[in-house]
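Chemist: Dumping the structure here so I can ask a few things about it.
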Amino acid sequence: MNMIFNRLPWLNCFNGRRESCEELLPLSEYNREPVILNVYDLFNVNEFGAARIGLGIFHTGIQVYDKEYTYGGHSYSNSGIFEIMPRTAEIELGEHFHYRESIQLGYTQFTRDEVMRIVEQLGCQFTGNSYHLTSNNCNHFSDAMSRILCGQQIPKWINRLAYFIDCVPFLQRCLPTEWMSPM
């Protein structure tokens, strides 16, 4: 039971360094569950060419054991991670979310119960009130969870616009503050 937390040294691979989290991968070879990244277009802006130049607005979730885990903001200090049925963000989150594609990132050997405990632990880092559109969003969560579950990063193009906006403070100041975080 404590075995999983011995392998999760308080999620130290998410402290800003981009190191591999391979030391967190389970040692058992009995269970291989696919880890899938579900990608959604936000709004219709990606249809009008933004995605063609490598900049788009995307929402993501990690699908494992027939559940999709994703992250969103709210004004409370508890977890902002929640689960939905896979590929149903448009139904569950609203009409601005349009399913785009699923990308298999790898396999995990963590059990269903271990995945639930990982989600619980990630909830301490990904709280609702720490959500930020460019520096702590659903794509950051998906990347963190994928690194733990299968040692893989999500594709860089998914969060490229957020990184770009973060690097150019003028662009961040052009966005409405209510878009940036739920506070």
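Identifiers in the structure tokens: chain A, B, ... in order shown; residue index from 1 per chain; ligand index from 1 in order shown.
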From a DSSP pass on the backbone, collect the residues of stretch 127-157 of chain A flagged as helix (DSSP H, G or I) and hand them back as a PyMOL selection string.

Modeler: chain A and resi 128-130+138-150+156-157

Chemist: Hey, can you spit out that residue selection with N, CA, C and O atoms as a PDB file, in the first residue's frame?

Modeler:
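Output contents, as saved in again.pdb:
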```
ATOM      1  N   GLY A 128      -7.554  24.304  -7.469  1.00  0.00           N
ATOM      2  CA  GLY A 128      -8.394  25.174  -8.289  1.00  0.00           C
ATOM      3  C   GLY A 128      -7.906  26.603  -8.313  1.00  0.00           C
ATOM      4  O   GLY A 128      -7.904  27.257  -9.356  1.00  0.00           O
ATOM      5  N   ASN A 129      -7.472  27.107  -7.166  1.00  0.00           N
ATOM      6  CA  ASN A 129      -7.059  28.508  -7.111  1.00  0.00           C
ATOM      7  C   ASN A 129      -5.628  28.738  -7.598  1.00  0.00           C
ATOM      8  O   ASN A 129      -5.166  29.871  -7.651  1.00  0.00           O
ATOM      9  N   SER A 130      -4.917  27.660  -7.994  1.00  0.00           N
ATOM     10  CA  SER A 130      -3.574  27.858  -8.563  1.00  0.00           C
ATOM     11  C   SER A 130      -3.593  27.766 -10.091  1.00  0.00           C
ATOM     12  O   SER A 130      -2.553  27.892 -10.734  1.00  0.00           O
ATOM     13  N   CYS A 138      -4.511  23.049 -17.841  1.00  0.00           N
ATOM     14  CA  CYS A 138      -4.834  21.630 -18.040  1.00  0.00           C
ATOM     15  C   CYS A 138      -3.723  20.893 -18.776  1.00  0.00           C
ATOM     16  O   CYS A 138      -3.488  19.704 -18.526  1.00  0.00           O
ATOM     17  N   ASN A 139      -3.028  21.575 -19.660  1.00  0.00           N
ATOM     18  CA  ASN A 139      -1.939  20.935 -20.394  1.00  0.00           C
ATOM     19  C   ASN A 139      -0.733  20.660 -19.496  1.00  0.00           C
ATOM     20  O   ASN A 139      -0.056  19.650 -19.654  1.00  0.00           O
ATOM     21  N   HIS A 140      -0.482  21.553 -18.561  1.00  0.00           N
ATOM     22  CA  HIS A 140       0.584  21.311 -17.578  1.00  0.00           C
ATOM     23  C   HIS A 140       0.221  20.086 -16.730  1.00  0.00           C
ATOM     24  O   HIS A 140       1.071  19.246 -16.439  1.00  0.00           O
ATOM     25  N   PHE A 141      -1.047  20.007 -16.322  1.00  0.00           N
ATOM     26  CA  PHE A 141      -1.493  18.844 -15.558  1.00  0.00           C
ATOM     27  C   PHE A 141      -1.336  17.563 -16.375  1.00  0.00           C
ATOM     28  O   PHE A 141      -0.813  16.559 -15.874  1.00  0.00           O
ATOM     29  N   SER A 142      -1.801  17.579 -17.628  1.00  0.00           N
ATOM     30  CA  SER A 142      -1.703  16.380 -18.466  1.00  0.00           C
ATOM     31  C   SER A 142      -0.257  15.945 -18.622  1.00  0.00           C
ATOM     32  O   SER A 142       0.055  14.744 -18.597  1.00  0.00           O
ATOM     33  N   ASP A 143       0.646  16.902 -18.778  1.00  0.00           N
ATOM     34  CA  ASP A 143       2.064  16.585 -18.909  1.00  0.00           C
ATOM     35  C   ASP A 143       2.587  15.950 -17.622  1.00  0.00           C
ATOM     36  O   ASP A 143       3.294  14.941 -17.661  1.00  0.00           O
ATOM     37  N   ALA A 144       2.244  16.527 -16.478  1.00  0.00           N
ATOM     38  CA  ALA A 144       2.697  15.990 -15.195  1.00  0.00           C
ATOM     39  C   ALA A 144       2.184  14.571 -14.985  1.00  0.00           C
ATOM     40  O   ALA A 144       2.942  13.670 -14.601  1.00  0.00           O
ATOM     41  N   MET A 145       0.918  14.341 -15.268  1.00  0.00           N
ATOM     42  CA  MET A 145       0.344  13.018 -15.059  1.00  0.00           C
ATOM     43  C   MET A 145       0.951  12.000 -16.022  1.00  0.00           C
ATOM     44  O   MET A 145       1.248  10.870 -15.632  1.00  0.00           O
ATOM     45  N   SER A 146       1.162  12.399 -17.257  1.00  0.00           N
ATOM     46  CA  SER A 146       1.752  11.498 -18.236  1.00  0.00           C
ATOM     47  C   SER A 146       3.175  11.107 -17.848  1.00  0.00           C
ATOM     48  O   SER A 146       3.577   9.959 -17.997  1.00  0.00           O
ATOM     49  N   ARG A 147       3.937  12.060 -17.343  1.00  0.00           N
ATOM     50  CA  ARG A 147       5.308  11.766 -16.920  1.00  0.00           C
ATOM     51  C   ARG A 147       5.321  10.729 -15.805  1.00  0.00           C
ATOM     52  O   ARG A 147       6.187   9.853 -15.771  1.00  0.00           O
ATOM     53  N   ILE A 148       4.384  10.837 -14.889  1.00  0.00           N
ATOM     54  CA  ILE A 148       4.325   9.867 -13.790  1.00  0.00           C
ATOM     55  C   ILE A 148       3.856   8.513 -14.301  1.00  0.00           C
ATOM     56  O   ILE A 148       4.449   7.484 -13.985  1.00  0.00           O
ATOM     57  N   LEU A 149       2.783   8.498 -15.083  1.00  0.00           N
ATOM     58  CA  LEU A 149       2.185   7.226 -15.491  1.00  0.00           C
ATOM     59  C   LEU A 149       3.037   6.433 -16.465  1.00  0.00           C
ATOM     60  O   LEU A 149       3.121   5.209 -16.367  1.00  0.00           O
ATOM     61  N   CYS A 150       3.661   7.118 -17.436  1.00  0.00           N
ATOM     62  CA  CYS A 150       4.388   6.358 -18.461  1.00  0.00           C
ATOM     63  C   CYS A 150       5.735   6.965 -18.844  1.00  0.00           C
ATOM     64  O   CYS A 150       6.378   6.484 -19.774  1.00  0.00           O
ATOM     65  N   LYS A 156       4.834  19.030 -27.561  1.00  0.00           N
ATOM     66  CA  LYS A 156       5.095  20.444 -27.258  1.00  0.00           C
ATOM     67  C   LYS A 156       4.110  21.399 -27.928  1.00  0.00           C
ATOM     68  O   LYS A 156       3.807  22.457 -27.393  1.00  0.00           O
ATOM     69  N   TRP A 157       3.581  21.047 -29.106  1.00  0.00           N
ATOM     70  CA  TRP A 157       2.690  21.951 -29.830  1.00  0.00           C
ATOM     71  C   TRP A 157       1.405  22.229 -29.061  1.00  0.00           C
ATOM     72  O   TRP A 157       0.776  23.260 -29.270  1.00  0.00           O
TER      73      TRP A 157
END
```

Chemist: Give me the residues near A:Val39 as a list of chain:residue names, where near means some atom within 10 Å (using only C-alpha atoms) and where sequence neighbours in that chain fewer than 3 positions away do not count.

Modeler: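 Contacts, in chain order: A:Ile36, A:Leu42, A:Phe58, A:His59, A:Thr60, A:Gly61, A:Ile62, A:Arg87, A:Ala89, A:Phe97, A:His98, A:Tyr99, A:Arg100, A:Glu101, A:Ser102, A:Ile103, A:Asn139, A:Ile158.
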
Chemist: Output N, CA and C atoms of each residue in that selection to a file, as an mmCIF file, in the first residue's frame.

Modeler:
```cif
data_model
loop_
_atom_site.group_PDB
_atom_site.id
_atom_site.type_symbol
_atom_site.label_atom_id
_atom_site.label_comp_id
_atom_site.auth_asym_id
_atom_site.auth_seq_id
_atom_site.Cartn_x
_atom_site.Cartn_y
_atom_site.Cartn_z
ATOM 1 N N ILE A 36 -3.562 7.653 -22.660
ATOM 2 C CA ILE A 36 -3.992 8.361 -23.866
ATOM 3 C C ILE A 36 -4.222 9.829 -23.531
ATOM 4 N N LEU A 42 -10.242 24.543 -28.349
ATOM 5 C CA LEU A 42 -11.063 25.467 -27.589
ATOM 6 C C LEU A 42 -11.571 26.545 -28.530
ATOM 7 N N PHE A 58 -5.673 24.776 -26.929
ATOM 8 C CA PHE A 58 -6.086 23.395 -26.736
ATOM 9 C C PHE A 58 -6.367 23.099 -25.271
ATOM 10 N N HIS A 59 -7.298 22.193 -25.057
ATOM 11 C CA HIS A 59 -7.578 21.622 -23.744
ATOM 12 C C HIS A 59 -7.204 20.152 -23.833
ATOM 13 N N THR A 60 -6.661 19.591 -22.744
ATOM 14 C CA THR A 60 -6.296 18.177 -22.756
ATOM 15 C C THR A 60 -6.731 17.482 -21.481
ATOM 16 N N GLY A 61 -6.810 16.177 -21.585
ATOM 17 C CA GLY A 61 -7.056 15.312 -20.438
ATOM 18 C C GLY A 61 -6.327 14.001 -20.667
ATOM 19 N N ILE A 62 -6.002 13.317 -19.582
ATOM 20 C CA ILE A 62 -5.328 12.023 -19.657
ATOM 21 C C ILE A 62 -6.360 10.925 -19.422
ATOM 22 N N ARG A 87 -13.311 11.657 -23.977
ATOM 23 C CA ARG A 87 -13.667 12.357 -25.214
ATOM 24 C C ARG A 87 -15.047 13.022 -25.158
ATOM 25 N N ALA A 89 -15.634 16.178 -23.442
ATOM 26 C CA ALA A 89 -15.524 17.525 -22.876
ATOM 27 C C ALA A 89 -16.596 18.459 -23.431
ATOM 28 N N PHE A 97 -15.597 23.376 -26.287
ATOM 29 C CA PHE A 97 -14.620 22.294 -26.317
ATOM 30 C C PHE A 97 -15.007 21.338 -27.436
ATOM 31 N N HIS A 98 -14.136 21.202 -28.431
ATOM 32 C CA HIS A 98 -14.409 20.318 -29.573
ATOM 33 C C HIS A 98 -13.314 19.258 -29.641
ATOM 34 N N TYR A 99 -13.731 18.000 -29.537
ATOM 35 C CA TYR A 99 -12.765 16.898 -29.582
ATOM 36 C C TYR A 99 -11.975 16.976 -30.884
ATOM 37 N N ARG A 100 -10.652 16.883 -30.768
ATOM 38 C CA ARG A 100 -9.765 16.958 -31.924
ATOM 39 C C ARG A 100 -9.146 15.596 -32.243
ATOM 40 N N GLU A 101 -8.470 14.989 -31.243
ATOM 41 C CA GLU A 101 -7.790 13.720 -31.482
ATOM 42 C C GLU A 101 -7.356 13.098 -30.168
ATOM 43 N N SER A 102 -7.007 11.824 -30.247
ATOM 44 C CA SER A 102 -6.424 11.095 -29.121
ATOM 45 C C SER A 102 -5.024 10.645 -29.526
ATOM 46 N N ILE A 103 -4.088 10.794 -28.597
ATOM 47 C CA ILE A 103 -2.695 10.428 -28.850
ATOM 48 C C ILE A 103 -2.273 9.439 -27.770
ATOM 49 N N ASN A 139 -3.028 21.575 -19.660
ATOM 50 C CA ASN A 139 -1.939 20.935 -20.394
ATOM 51 C C ASN A 139 -0.733 20.660 -19.496
ATOM 52 N N ILE A 158 1.038 21.357 -28.157
ATOM 53 C CA ILE A 158 -0.229 21.511 -27.444
ATOM 54 C C ILE A 158 -0.224 22.742 -26.544
#
```

Chemist: Using backbone DSSP assignments, extract all strand (DSSP E) residues from stretch 24-178 of chain A; output them as an MDAnalysis selection string.

Modeler: chainID A and resid 33:42 58:64 67:71 81:84 97:108

Chemist: Next, dump the selected residues to file, keeping only N, CA, C and O atoms, as a short mmCIF file (atom, residue, chain, number, x, y, z; two decimals), in the first residue's frame.

Modeler:
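What ended up in selection36.cif:
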```cif
data_model
loop_
_atom_site.label_atom_id
_atom_site.label_comp_id
_atom_site.auth_asym_id
_atom_site.auth_seq_id
_atom_site.Cartn_x
_atom_site.Cartn_y
_atom_site.Cartn_z
N GLU A 33 -1.55 -0.75 -19.04
CA GLU A 33 -2.76 0.00 -19.38
C GLU A 33 -2.36 1.19 -20.26
O GLU A 33 -1.43 1.93 -19.93
N PRO A 34 -3.03 1.39 -21.41
CA PRO A 34 -2.69 2.52 -22.27
C PRO A 34 -2.92 3.86 -21.56
O PRO A 34 -3.88 4.03 -20.81
N VAL A 35 -2.02 4.79 -21.83
CA VAL A 35 -2.16 6.18 -21.36
C VAL A 35 -2.40 7.01 -22.61
O VAL A 35 -1.56 7.05 -23.51
N ILE A 36 -3.56 7.65 -22.66
CA ILE A 36 -3.99 8.36 -23.87
C ILE A 36 -4.22 9.83 -23.53
O ILE A 36 -4.85 10.16 -22.52
N LEU A 37 -3.72 10.69 -24.38
CA LEU A 37 -3.95 12.13 -24.26
C LEU A 37 -5.10 12.49 -25.19
O LEU A 37 -5.01 12.28 -26.41
N ASN A 38 -6.20 12.99 -24.63
CA ASN A 38 -7.31 13.47 -25.44
C ASN A 38 -7.16 14.98 -25.60
O ASN A 38 -7.00 15.71 -24.63
N VAL A 39 -7.17 15.42 -26.85
CA VAL A 39 -6.93 16.82 -27.19
C VAL A 39 -8.23 17.42 -27.75
O VAL A 39 -8.89 16.82 -28.59
N TYR A 40 -8.53 18.63 -27.28
CA TYR A 40 -9.74 19.36 -27.71
C TYR A 40 -9.33 20.73 -28.22
O TYR A 40 -8.43 21.36 -27.66
N ASP A 41 -9.99 21.18 -29.27
CA ASP A 41 -9.86 22.57 -29.69
C ASP A 41 -10.75 23.40 -28.78
O ASP A 41 -11.88 23.01 -28.48
N LEU A 42 -10.24 24.54 -28.35
CA LEU A 42 -11.06 25.47 -27.59
C LEU A 42 -11.57 26.55 -28.53
O LEU A 42 -10.80 27.12 -29.28
N PHE A 58 -5.67 24.78 -26.93
CA PHE A 58 -6.09 23.40 -26.74
C PHE A 58 -6.37 23.10 -25.27
O PHE A 58 -5.74 23.67 -24.37
N HIS A 59 -7.30 22.19 -25.06
CA HIS A 59 -7.58 21.62 -23.74
C HIS A 59 -7.20 20.15 -23.83
O HIS A 59 -7.38 19.53 -24.88
N THR A 60 -6.66 19.59 -22.74
CA THR A 60 -6.30 18.18 -22.76
C THR A 60 -6.73 17.48 -21.48
O THR A 60 -6.96 18.12 -20.45
N GLY A 61 -6.81 16.18 -21.59
CA GLY A 61 -7.06 15.31 -20.44
C GLY A 61 -6.33 14.00 -20.67
O GLY A 61 -6.06 13.62 -21.80
N ILE A 62 -6.00 13.32 -19.58
CA ILE A 62 -5.33 12.02 -19.66
C ILE A 62 -6.36 10.93 -19.42
O ILE A 62 -7.05 10.92 -18.40
N GLN A 63 -6.44 10.01 -20.37
CA GLN A 63 -7.35 8.88 -20.27
C GLN A 63 -6.58 7.65 -19.85
O GLN A 63 -5.59 7.27 -20.49
N VAL A 64 -7.03 7.02 -18.78
CA VAL A 64 -6.46 5.77 -18.30
C VAL A 64 -7.55 5.03 -17.54
O VAL A 64 -8.35 5.65 -16.84
N LYS A 67 -11.29 6.33 -17.78
CA LYS A 67 -11.64 7.63 -17.21
C LYS A 67 -10.69 8.66 -17.80
O LYS A 67 -9.54 8.36 -18.10
N GLU A 68 -11.19 9.86 -17.94
CA GLU A 68 -10.34 10.96 -18.40
C GLU A 68 -10.20 11.94 -17.26
O GLU A 68 -11.19 12.40 -16.69
N TYR A 69 -8.95 12.26 -16.92
CA TYR A 69 -8.65 13.20 -15.84
C TYR A 69 -8.17 14.50 -16.47
O TYR A 69 -7.33 14.50 -17.36
N THR A 70 -8.72 15.59 -15.97
CA THR A 70 -8.34 16.89 -16.50
C THR A 70 -8.33 17.89 -15.34
O THR A 70 -8.64 17.55 -14.20
N TYR A 71 -7.99 19.12 -15.65
CA TYR A 71 -7.77 20.13 -14.61
C TYR A 71 -8.39 21.45 -15.04
O TYR A 71 -8.31 21.83 -16.21
N ILE A 81 -8.57 19.03 -10.11
CA ILE A 81 -8.60 17.87 -11.01
C ILE A 81 -9.96 17.21 -10.90
O ILE A 81 -10.51 17.06 -9.81
N PHE A 82 -10.49 16.84 -12.04
CA PHE A 82 -11.78 16.15 -12.05
C PHE A 82 -11.76 15.12 -13.17
O PHE A 82 -10.88 15.11 -14.01
N GLU A 83 -12.73 14.23 -13.14
CA GLU A 83 -12.79 13.19 -14.16
C GLU A 83 -14.08 13.32 -14.96
O GLU A 83 -15.10 13.77 -14.45
N ILE A 84 -13.95 12.95 -16.23
CA ILE A 84 -15.09 12.93 -17.13
C ILE A 84 -15.03 11.63 -17.93
O ILE A 84 -14.02 10.93 -17.90
N PHE A 97 -15.60 23.38 -26.29
CA PHE A 97 -14.62 22.29 -26.32
C PHE A 97 -15.01 21.34 -27.44
O PHE A 97 -16.07 20.74 -27.40
N HIS A 98 -14.14 21.20 -28.43
CA HIS A 98 -14.41 20.32 -29.57
C HIS A 98 -13.31 19.26 -29.64
O HIS A 98 -12.13 19.59 -29.77
N TYR A 99 -13.73 18.00 -29.54
CA TYR A 99 -12.77 16.90 -29.58
C TYR A 99 -11.98 16.98 -30.88
O TYR A 99 -12.53 17.12 -31.96
N ARG A 100 -10.65 16.88 -30.77
CA ARG A 100 -9.77 16.96 -31.92
C ARG A 100 -9.15 15.60 -32.24
O ARG A 100 -9.25 15.12 -33.35
N GLU A 101 -8.47 14.99 -31.24
CA GLU A 101 -7.79 13.72 -31.48
C GLU A 101 -7.36 13.10 -30.17
O GLU A 101 -7.32 13.75 -29.13
N SER A 102 -7.01 11.82 -30.25
CA SER A 102 -6.42 11.09 -29.12
C SER A 102 -5.02 10.65 -29.53
O SER A 102 -4.82 10.18 -30.64
N ILE A 103 -4.09 10.79 -28.60
CA ILE A 103 -2.69 10.43 -28.85
C ILE A 103 -2.27 9.44 -27.77
O ILE A 103 -2.30 9.78 -26.58
N GLN A 104 -1.90 8.23 -28.18
CA GLN A 104 -1.41 7.28 -27.20
C GLN A 104 0.01 7.65 -26.83
O GLN A 104 0.90 7.74 -27.69
N LEU A 105 0.23 7.89 -25.55
CA LEU A 105 1.53 8.33 -25.06
C LEU A 105 2.41 7.17 -24.61
O LEU A 105 3.63 7.30 -24.56
N GLY A 106 1.80 6.07 -24.26
CA GLY A 106 2.54 4.93 -23.77
C GLY A 106 1.64 4.05 -22.94
O GLY A 106 0.42 4.05 -23.11
N TYR A 107 2.25 3.32 -22.03
CA TYR A 107 1.52 2.40 -21.15
C TYR A 107 1.96 2.65 -19.71
O TYR A 107 3.08 3.07 -19.46
N THR A 108 1.06 2.38 -18.79
CA THR A 108 1.40 2.43 -17.39
C THR A 108 1.23 1.06 -16.78
O THR A 108 0.41 0.26 -17.26
#
```

Chemist: To one decimal place, how far is atom CA of A:Asn78 from atom CA of A:Gln125 in Å?

Modeler: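 Value for the atom CA of A:Asn78-atom CA of A:Gln125 distance: 9.4 Å.
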
Chemist: So, with only C-alpha atoms as the atoms that count, which of A:Ser79, A:Thr111, A:Asn44, A:Thr134 lies closest to A:Asn159?

Modeler: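 Among the listed residues, A:Thr134 lies closest to A:Asn159.
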
Chemist: What is the distance, in Å and to one decimal place, between atom CA of A:Leu122 and atom CA of A:His74?

Modeler: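 Atom CA of A:Leu122 sits 15.9 Å away from atom CA of A:His74.
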
Chemist: When distances are computed from only C-alpha atoms, which of A:Tyr65, A:Phe110, A:Ala162, A:Gly73 shows the smallest separation from A:Met85?

Modeler: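 Selected residue with least distance to A:Met85: A:Tyr65.
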